[in-house]
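my_file.txt follows; it contains compact mmCIF, C-alpha atoms.
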```txt
# COMPACT_ATOMS: atom_id res chain seq x y z
CA MET A 537 -99.23 157.97 67.80
CA ALA A 538 -101.65 155.25 68.91
CA LYS A 539 -99.89 152.84 66.58
CA TRP A 540 -96.53 153.48 68.29
CA LEU A 541 -98.11 153.04 71.71
CA ALA A 542 -99.54 149.70 70.62
CA VAL A 543 -96.11 148.61 69.37
CA ALA A 544 -94.47 149.74 72.63
CA GLU A 545 -97.09 147.87 74.67
CA ARG A 546 -96.55 144.72 72.65
CA ILE A 547 -92.77 144.97 73.05
CA GLY A 548 -93.23 145.48 76.79
CA ARG A 549 -95.16 142.23 77.07
CA MET A 550 -92.48 140.33 75.16
CA PRO A 551 -90.35 137.81 77.10
CA LYS A 552 -87.13 139.54 78.09
CA ARG A 553 -84.94 137.04 76.23
CA TYR A 554 -86.61 138.00 72.96
CA LEU A 555 -86.32 141.67 73.79
CA GLY A 556 -82.60 141.21 74.46
CA ALA A 557 -82.19 139.36 71.17
CA LEU A 558 -84.04 142.16 69.35
CA ILE A 559 -81.79 144.81 70.91
CA GLY A 560 -78.71 142.76 70.00
CA PHE A 561 -79.91 142.41 66.42
CA VAL A 562 -80.57 146.15 66.09
CA LEU A 563 -77.11 146.93 67.49
CA TRP A 564 -75.52 144.46 65.07
CA VAL A 565 -77.30 146.07 62.11
CA LEU A 566 -76.22 149.54 63.25
CA ILE A 567 -72.59 148.43 63.65
CA GLU A 568 -72.63 146.84 60.18
CA VAL A 569 -74.23 149.86 58.51
CA VAL A 570 -72.60 152.87 60.21
CA GLY A 571 -69.65 151.38 62.11
CA PHE A 572 -68.69 150.78 65.72
CA PHE A 573 -67.91 154.30 66.98
CA PRO A 574 -71.01 156.02 65.53
CA THR A 575 -73.11 153.23 67.08
CA LEU A 576 -71.33 153.69 70.40
CA LEU A 577 -71.94 157.44 70.27
CA LEU A 578 -75.62 156.87 69.46
CA THR A 579 -75.89 154.49 72.43
CA VAL A 580 -74.31 157.07 74.74
CA PHE A 581 -76.73 159.75 73.53
CA VAL A 582 -79.71 157.44 74.05
CA VAL A 583 -78.61 156.61 77.61
CA VAL A 584 -78.00 160.29 78.45
CA GLY A 585 -81.38 161.21 76.99
CA TYR A 586 -83.07 158.48 79.02
CA VAL A 587 -81.39 159.62 82.24
CA LEU A 588 -82.30 163.26 81.61
CA GLY A 589 -85.86 162.27 80.76
CA ARG A 590 -86.19 160.30 84.01
CA PHE A 591 -84.75 163.27 85.88
CA PHE A 592 -87.25 165.73 84.42
CA ASP A 593 -90.16 163.31 84.79
CA GLY A 594 -89.39 163.04 88.49
CA ARG A 595 -89.48 166.83 88.76
CA ALA A 596 -86.44 166.78 91.01
CA ASN A 597 -84.32 169.89 91.23
CA TRP A 598 -80.61 170.11 90.42
CA GLN A 599 -79.59 170.32 94.07
CA ASP A 600 -81.26 166.98 94.80
CA LEU A 601 -79.49 165.40 91.84
CA ILE A 602 -76.07 166.70 92.86
CA GLU A 603 -76.65 165.66 96.47
CA ARG A 604 -77.70 162.21 95.34
CA PHE A 605 -74.56 161.69 93.25
CA TRP A 606 -72.17 163.12 95.83
CA ASN A 607 -73.69 161.31 98.82
CA ASN A 608 -70.92 159.21 100.41
CA ASP A 609 -73.24 157.05 102.51
CA ARG A 610 -73.66 154.49 99.75
CA PHE A 611 -69.97 153.54 99.91
CA GLU A 612 -69.96 152.61 103.59
```
As structure tokens, how would this structure be written, given the file I've shared?
Amino acid sequence: MAKWLAVAERIGRMPKRYLGALIGFVLWVLIEVVGFFPTLLLTVFVVVGYVLGRFFDGRANWQDLIERFWNNDRFE
């Protein structure tokens, strides 16, 4: 586990242009190996998992989440 944390810390210190290039390369490899739609589905699952993880880390309740998404003040 400590090894993965060290890798994550090193990636976090990377200049963002290199990080973007790394993400692009990984996506290209995935598209070449498994195809476009499975890669797209994997990306959607990763984003949903990230959003749910942020939600549960914040310890917000479902009512706050629904109120936040349905709040019309942001469109005025």
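Rounded to one decimal, CA of Lys552 in chain A and CA of Val565 in chain A lie 19.9 Å from each other.
Atom to atom, CA of Val570 in chain A and CA of Arg590 in chain A stand 28.4 Å apart.
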Review point. What gap, in Å, lies between CA of Ile547 in chain A and CA of Val562 in chain A?
Key: 14.1 Å
